[in-house]
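Enquirer: Let me give you the structure first, and then I'll get to my questions.
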Amino acid sequence: MIQITRVYSDKNGESHFEDFEVLLRNNGDIGFLSDDEPVKSIVFREVSPSYDYDFHNAPDRQYIVLLDGGVEIETSLGEKRIFETGSVLLMEDTAGKGHKTKNIEPRIRKSIFIKL
């Protein structure tokens, strides 16, 4: 299983976290795979060591894979979580009050956005 944290907005526009797992099936010598999921595009991203972005919405429904540095995400209700290198996020708060994001280490951070 692969653990993913979803960030989404409720009907009142408040952002929340929700954890879920993606089932992997044994595919023999090539390992364990999930079902296919159609995607629109992929974007590679790099941010400065001082990255600290105030409340904003995800521009698209998208997965984010943290390649080499962690982030702290804060929901509109003030809940904060730390996500380390290798974490996978599903960002679905494309409307509402949004979330804050900041680097947890003072270094350049790289990530991949997979737009759905």
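Chain lettering (A, B, ...) mirrors the order of the structure tokens, residue numbering begins at 1 for each chain separately, and ligand numbering begins at 1 in order of display.
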Can you pull out the residues contacting Lys110 of chain A? Cut-off 12 Å, using only C-alpha atoms, and skip same-chain residues under 2 positions away; I want them as a PyMOL selection string.

Expert: chain A and resi 43-49+51+64-71+84-86+103+107-108+112-113

Enquirer: Output N, CA and C atoms of each residue in that selection to a file, as a CSV table (one decimal), in the first residue's frame.

Expert:
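The result, stored in result.csv:
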chain,number,residue,atom,x,y,z
A,43,VAL,N,4.4,18.3,-13.9
A,43,VAL,CA,5.2,19.6,-13.8
A,43,VAL,C,6.3,19.3,-12.8
A,44,PHE,N,7.5,19.7,-13.1
A,44,PHE,CA,8.6,19.5,-12.2
A,44,PHE,C,8.8,20.9,-11.6
A,45,ARG,N,9.1,21.0,-10.2
A,45,ARG,CA,9.1,22.2,-9.5
A,45,ARG,C,10.3,22.3,-8.6
A,46,GLU,N,10.9,23.5,-8.5
A,46,GLU,CA,11.9,23.8,-7.5
A,46,GLU,C,11.6,25.1,-6.8
A,47,VAL,N,11.7,25.1,-5.5
A,47,VAL,CA,11.4,26.4,-4.7
A,47,VAL,C,12.6,26.7,-3.9
A,48,SER,N,12.7,28.0,-3.5
A,48,SER,CA,13.9,28.6,-2.8
A,48,SER,C,13.9,28.0,-1.4
A,49,PRO,N,15.0,28.1,-0.7
A,49,PRO,CA,15.1,27.6,0.7
A,49,PRO,C,14.1,28.4,1.6
A,51,TYR,N,11.1,29.3,1.0
A,51,TYR,CA,9.7,29.2,0.6
A,51,TYR,C,8.7,29.1,1.8
A,64,ILE,N,1.1,15.7,-5.5
A,64,ILE,CA,2.4,16.3,-5.3
A,64,ILE,C,3.3,15.2,-4.7
A,65,VAL,N,4.5,15.0,-5.3
A,65,VAL,CA,5.4,14.1,-4.8
A,65,VAL,C,6.6,14.9,-4.3
A,66,LEU,N,7.0,14.8,-3.0
A,66,LEU,CA,8.1,15.6,-2.5
A,66,LEU,C,9.4,14.8,-2.7
A,67,LEU,N,10.3,15.4,-3.5
A,67,LEU,CA,11.5,14.6,-4.0
A,67,LEU,C,12.7,14.7,-3.0
A,68,ASP,N,12.9,15.9,-2.5
A,68,ASP,CA,14.1,16.1,-1.6
A,68,ASP,C,14.0,17.2,-0.6
A,69,GLY,N,13.0,17.2,0.2
A,69,GLY,CA,12.8,18.2,1.2
A,69,GLY,C,11.4,18.1,1.7
A,70,GLY,N,11.2,18.4,3.0
A,70,GLY,CA,9.8,18.4,3.5
A,70,GLY,C,9.1,19.7,3.6
A,71,VAL,N,7.8,19.6,3.8
A,71,VAL,CA,7.0,20.9,4.0
A,71,VAL,C,6.1,20.7,5.2
A,84,GLU,N,7.5,14.7,4.9
A,84,GLU,CA,8.9,14.5,4.7
A,84,GLU,C,9.1,14.2,3.2
A,85,THR,N,10.4,14.1,2.8
A,85,THR,CA,10.8,13.7,1.5
A,85,THR,C,10.2,12.3,1.2
A,86,GLY,N,9.6,12.2,0.0
A,86,GLY,CA,9.0,10.9,-0.4
A,86,GLY,C,7.5,10.9,-0.2
A,103,ASN,N,8.7,25.5,3.6
A,103,ASN,CA,9.7,24.5,3.7
A,103,ASN,C,10.0,24.3,5.2
A,107,ARG,N,16.7,24.9,2.6
A,107,ARG,CA,17.4,24.5,1.3
A,107,ARG,C,16.4,24.4,0.2
A,108,ILE,N,16.9,24.4,-1.0
A,108,ILE,CA,16.1,24.3,-2.2
A,108,ILE,C,15.3,22.9,-2.1
A,112,ILE,N,7.3,17.1,-7.7
A,112,ILE,CA,6.6,16.8,-8.9
A,112,ILE,C,5.2,17.0,-8.7
A,113,PHE,N,4.5,17.8,-9.6
A,113,PHE,CA,3.1,17.9,-9.6
A,113,PHE,C,2.5,17.1,-10.8

Enquirer: Give me, as a PyMOL selection string, all polymer residues having an atom no more than 10 Å from Lys80 of chain A, counting only C-alpha atoms and skipping those fewer than 3 positions away in the same chain.

Expert: chain A and resi 16-17+72-77+83+99-101

Enquirer: Suppose we keep N, CA and C atoms; can you now write the selection as a compact mmCIF listing (two decimals), in the first residue's frame?

Expert:
# COMPACT_ATOMS: atom_id res chain seq x y z
N HIS A 16 -9.07 20.67 4.95
CA HIS A 16 -8.88 19.55 5.87
C HIS A 16 -7.86 18.58 5.30
N PHE A 17 -7.33 17.70 6.19
CA PHE A 17 -6.49 16.58 5.79
C PHE A 17 -7.32 15.31 5.86
N GLU A 72 5.72 21.90 5.68
CA GLU A 72 4.65 21.98 6.67
C GLU A 72 3.45 22.58 5.94
N ILE A 73 2.31 21.91 6.07
CA ILE A 73 1.08 22.43 5.49
C ILE A 73 0.13 22.74 6.63
N GLU A 74 -0.52 23.90 6.55
CA GLU A 74 -1.50 24.33 7.55
C GLU A 74 -2.84 24.52 6.87
N THR A 75 -3.89 23.91 7.43
CA THR A 75 -5.24 24.08 6.89
C THR A 75 -5.82 25.41 7.36
N SER A 76 -6.96 25.77 6.79
CA SER A 76 -7.63 27.01 7.17
C SER A 76 -8.11 26.98 8.62
N LEU A 77 -8.25 25.80 9.19
CA LEU A 77 -8.67 25.66 10.59
C LEU A 77 -7.49 25.62 11.56
N PHE A 83 5.27 16.95 6.26
CA PHE A 83 5.40 15.91 5.24
C PHE A 83 6.86 15.86 4.81
N HIS A 99 -4.81 26.65 1.89
CA HIS A 99 -3.85 26.13 2.86
C HIS A 99 -2.55 26.94 2.75
N LYS A 100 -1.71 26.86 3.79
CA LYS A 100 -0.38 27.46 3.79
C LYS A 100 0.64 26.35 3.59
N THR A 101 1.76 26.69 2.96
CA THR A 101 2.84 25.73 2.76
C THR A 101 4.17 26.42 3.01

Enquirer: I want to know what sits within 12 Å of segment 18-35 of chain A, based on only C-alpha atoms, with residues of the same chain fewer than 3 positions away left out; could you give that as a list in words?

Expert: Met1, Ile2, Gln3, Ile4, Thr5, Arg6, Val7, Tyr8, Ser9, Asp10, Ser15, Pro38, Thr75, Glu79, Arg81, Ser87, Val88, Leu89, Leu90, Met91, Glu92 and Asp93 of chain A

Enquirer: Selection from above, N, CA and C atoms, as an mmCIF file, in the first residue's frame, can you write it?

Expert:
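For reference, selection.cif as written:
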data_model
loop_
_atom_site.group_PDB
_atom_site.id
_atom_site.type_symbol
_atom_site.label_atom_id
_atom_site.label_comp_id
_atom_site.auth_asym_id
_atom_site.auth_seq_id
_atom_site.Cartn_x
_atom_site.Cartn_y
_atom_site.Cartn_z
ATOM 1 N N MET A 1 0.837 -1.187 0.000
ATOM 2 C CA MET A 1 0.000 0.000 0.000
ATOM 3 C C MET A 1 0.882 1.249 0.000
ATOM 4 N N ILE A 2 0.374 2.263 -0.651
ATOM 5 C CA ILE A 2 1.015 3.580 -0.653
ATOM 6 C C ILE A 2 0.103 4.519 0.119
ATOM 7 N N GLN A 3 0.660 5.214 1.116
ATOM 8 C CA GLN A 3 -0.141 6.164 1.889
ATOM 9 C C GLN A 3 -0.095 7.524 1.224
ATOM 10 N N ILE A 4 -1.269 8.150 1.136
ATOM 11 C CA ILE A 4 -1.413 9.479 0.541
ATOM 12 C C ILE A 4 -2.238 10.333 1.489
ATOM 13 N N THR A 5 -1.887 11.601 1.603
ATOM 14 C CA THR A 5 -2.686 12.550 2.373
ATOM 15 C C THR A 5 -3.383 13.479 1.400
ATOM 16 N N ARG A 6 -4.671 13.566 1.544
ATOM 17 C CA ARG A 6 -5.515 14.429 0.717
ATOM 18 C C ARG A 6 -5.747 15.743 1.458
ATOM 19 N N VAL A 7 -5.647 16.869 0.757
ATOM 20 C CA VAL A 7 -6.015 18.185 1.278
ATOM 21 C C VAL A 7 -7.210 18.628 0.452
ATOM 22 N N TYR A 8 -8.334 18.864 1.127
ATOM 23 C CA TYR A 8 -9.571 19.190 0.407
ATOM 24 C C TYR A 8 -10.338 20.266 1.153
ATOM 25 N N SER A 9 -11.316 20.869 0.474
ATOM 26 C CA SER A 9 -12.191 21.883 1.074
ATOM 27 C C SER A 9 -13.569 21.291 1.292
ATOM 28 N N ASP A 10 -14.172 21.618 2.445
ATOM 29 C CA ASP A 10 -15.542 21.176 2.716
ATOM 30 C C ASP A 10 -16.540 22.180 2.132
ATOM 31 N N SER A 15 -10.399 24.012 4.750
ATOM 32 C CA SER A 15 -9.536 22.936 4.260
ATOM 33 C C SER A 15 -9.257 21.926 5.369
ATOM 34 N N PRO A 38 -5.613 7.947 -14.928
ATOM 35 C CA PRO A 38 -5.331 8.911 -16.009
ATOM 36 C C PRO A 38 -4.866 10.248 -15.445
ATOM 37 N N THR A 75 -3.893 23.909 7.430
ATOM 38 C CA THR A 75 -5.240 24.079 6.891
ATOM 39 C C THR A 75 -5.825 25.407 7.361
ATOM 40 N N GLU A 79 -4.898 23.409 11.603
ATOM 41 C CA GLU A 79 -4.223 22.126 11.782
ATOM 42 C C GLU A 79 -2.969 22.117 10.912
ATOM 43 N N ARG A 81 0.540 19.846 9.611
ATOM 44 C CA ARG A 81 1.206 18.556 9.470
ATOM 45 C C ARG A 81 2.518 18.754 8.729
ATOM 46 N N SER A 87 6.950 11.895 0.540
ATOM 47 C CA SER A 87 5.510 11.950 0.790
ATOM 48 C C SER A 87 4.756 12.219 -0.504
ATOM 49 N N VAL A 88 3.531 11.682 -0.563
ATOM 50 C CA VAL A 88 2.639 11.921 -1.697
ATOM 51 C C VAL A 88 1.386 12.605 -1.166
ATOM 52 N N LEU A 89 1.021 13.725 -1.772
ATOM 53 C CA LEU A 89 -0.149 14.501 -1.377
ATOM 54 C C LEU A 89 -1.129 14.545 -2.543
ATOM 55 N N LEU A 90 -2.414 14.533 -2.240
ATOM 56 C CA LEU A 90 -3.451 14.761 -3.242
ATOM 57 C C LEU A 90 -4.104 16.089 -2.904
ATOM 58 N N MET A 91 -3.826 17.098 -3.705
ATOM 59 C CA MET A 91 -4.330 18.439 -3.439
ATOM 60 C C MET A 91 -5.638 18.640 -4.191
ATOM 61 N N GLU A 92 -6.720 18.830 -3.420
ATOM 62 C CA GLU A 92 -8.046 19.016 -4.012
ATOM 63 C C GLU A 92 -8.752 20.261 -3.499
ATOM 64 N N ASP A 93 -8.045 21.118 -2.793
ATOM 65 C CA ASP A 93 -8.683 22.353 -2.306
ATOM 66 C C ASP A 93 -8.530 23.464 -3.347
#
